[in-house]
Amino acid sequence: MQLNAQKTSDNDSLVAAKTIISINQKARKAAILSLIVPGLGQLYNRDYWKIPVIYAVMGSCAYFALKNNQSYQTFRKAYLYRTDNDSLTIDSYTNISNETLLAQREFYRRNRDLIIVLGALGYALNSVEAYVARHLKGFSVSEDLALHIQPAIWVGLQNQGGAGISCSITFKPKP
């Protein structure tokens, strides 16, 4: 009898190990797909509602990077025209000082660079999200776990009151 019980345990362990390997391979595939084309990992995971969010973030980053780059180039050219010692080149910002032109140029350059970094971060997070979401597909939520969110009112020291949200998590023990 003991051999049968041990064989069943070994088979269960083997099935669990194969399941873990399968989940890891699928998660890795979702991450790689999202690195190739943003949103493709979410499509693979069947999280369709996340795809427009990803493209909205990426599109916003591209738009603001281009707009900041255009403004940077405009102020850069204006400063170059002003400092080239050629009387034929006139910039369109005659009422702005050289220091203001430089400050505006640097402002738009910093913003452009920041938006590019944020876009790259969003691109990487797209892949990480696909990877994590695929891992969580195999996660089961049992009936033993409950989350309760409700409004709360309390009275503090010196009769000062407040309002907020109460959140409680209940773990039901198994009988």
# chains A, B, ... in the order shown; residues from 1 in each chain; ligands from 1
$ closest_atom_pairs --of "region 120-139 of chain A" --to "region 37-58 of chain A" --cutoff "8 Å" --atoms "only C-alpha atoms" --output "CSV"
residue,atom,partner,partner_atom,distance
A:Gly122,CA,A:Met58,CA,7.1
A:Tyr123,CA,A:Pro38,CA,6.9
A:Asn126,CA,A:Pro38,CA,6.6
A:Ser127,CA,A:Gly41,CA,7.1
A:Ala130,CA,A:Gly41,CA,5.4
A:Tyr131,CA,A:Gly41,CA,7.9
A:Ala133,CA,A:Asn45,CA,7.4
A:Arg134,CA,A:Asn45,CA,6.2
$ write_last_selection --atoms "C-alpha atoms" --output "PDB file, in the first residue's frame"
ATOM      1  CA  GLY A 122       6.241  52.205 -20.566  1.00  0.00           C
ATOM      2  CA  TYR A 123       7.526  49.889 -23.303  1.00  0.00           C
ATOM      3  CA  ASN A 126       4.222  46.510 -21.176  1.00  0.00           C
ATOM      4  CA  SER A 127       6.362  43.376 -21.346  1.00  0.00           C
ATOM      5  CA  ALA A 130       2.233  40.604 -19.926  1.00  0.00           C
ATOM      6  CA  TYR A 131       4.643  38.307 -18.057  1.00  0.00           C
ATOM      7  CA  ALA A 133      -0.531  38.657 -16.031  1.00  0.00           C
ATOM      8  CA  ARG A 134       0.238  35.287 -17.618  1.00  0.00           C
TER       9      ARG A 134
END
$ select_by_dssp --residues "chain A" --states "strand (DSSP E or B)" --output "list in words"
Leu145, Ala146, Leu147, His148, Ile149, Gln150, Pro151, Ala152, Ile153, Trp154, Val155, Gly161, Gly162, Ala163, Gly164, Ile165, Ser166, Cys167, Ser168, Ile169, Thr170 and Phe171 of chain A
$ closest_residue --among "A:Ala152, A:Cys167, A:Ile115, A:Leu80" --to "Gly59 (chain A)" --atoms "only C-alpha atoms"
A:Ile115
$ closest_residue --among "A:Asn69, A:Ser60, A:Asn98, A:Thr83" --to "Arg110 (chain A)" --atoms "only C-alpha atoms"
A:Asn69
$ residues_around --residues "Asp91 (chain A)" --least-positions-apart "5" --cutoff "7 Å" --atoms "only C-alpha atoms" --output "number ranges by chain"
A: 78, 81-82
$ atom_distance --atom1 "CA of Arg109 (chain A)" --atom2 "CA of Ala65 (chain A)"
9.5 Å
$ residues_around --residues "Ile165 (chain A)" --least-positions-apart "2" --cutoff "10 Å" --atoms "only C-alpha atoms" --output "JSON, numbers by chain"
{"A": [149, 150, 151, 152, 153, 163, 167]}
$ write_last_selection --atoms "N, CA, C and O atoms" --output "mmCIF file, in the first residue's frame"
data_model
loop_
_atom_site.group_PDB
_atom_site.id
_atom_site.type_symbol
_atom_site.label_atom_id
_atom_site.label_comp_id
_atom_site.auth_asym_id
_atom_site.auth_seq_id
_atom_site.Cartn_x
_atom_site.Cartn_y
_atom_site.Cartn_z
ATOM 1 N N ILE A 149 -15.037 46.512 1.239
ATOM 2 C CA ILE A 149 -14.734 47.942 1.189
ATOM 3 C C ILE A 149 -16.033 48.680 1.455
ATOM 4 O O ILE A 149 -17.052 48.413 0.818
ATOM 5 N N GLN A 150 -15.990 49.610 2.430
ATOM 6 C CA GLN A 150 -17.198 50.355 2.778
ATOM 7 C C GLN A 150 -16.804 51.725 3.315
ATOM 8 O O GLN A 150 -15.683 51.927 3.783
ATOM 9 N N PRO A 151 -17.726 52.693 3.244
ATOM 10 C CA PRO A 151 -17.426 54.021 3.789
ATOM 11 C C PRO A 151 -17.322 53.961 5.314
ATOM 12 O O PRO A 151 -17.941 53.116 5.957
ATOM 13 N N ALA A 152 -16.520 54.851 5.870
ATOM 14 C CA ALA A 152 -16.323 54.867 7.324
ATOM 15 C C ALA A 152 -16.319 56.305 7.836
ATOM 16 O O ALA A 152 -15.838 57.217 7.164
ATOM 17 N N ILE A 153 -16.855 56.490 9.025
ATOM 18 C CA ILE A 153 -16.830 57.789 9.715
ATOM 19 C C ILE A 153 -16.274 57.531 11.101
ATOM 20 O O ILE A 153 -16.645 56.565 11.769
ATOM 21 N N ALA A 163 -13.973 61.344 7.568
ATOM 22 C CA ALA A 163 -14.636 60.341 6.735
ATOM 23 C C ALA A 163 -13.585 59.674 5.873
ATOM 24 O O ALA A 163 -12.562 60.261 5.546
ATOM 25 N N CYS A 167 -11.389 49.187 4.706
ATOM 26 C CA CYS A 167 -11.083 48.012 3.893
ATOM 27 C C CYS A 167 -10.700 46.878 4.837
ATOM 28 O O CYS A 167 -9.830 47.046 5.690
#
$ atom_distance --atom1 "CA of Asn68 (chain A)" --atom2 "CA of Thr94 (chain A)"
21.4 Å
$ select_by_dssp --residues "region 26-63 of chain A" --states "alpha helix (DSSP H)" --output "PyMOL selection string"
chain A and resi 26-36+40-44+50-63
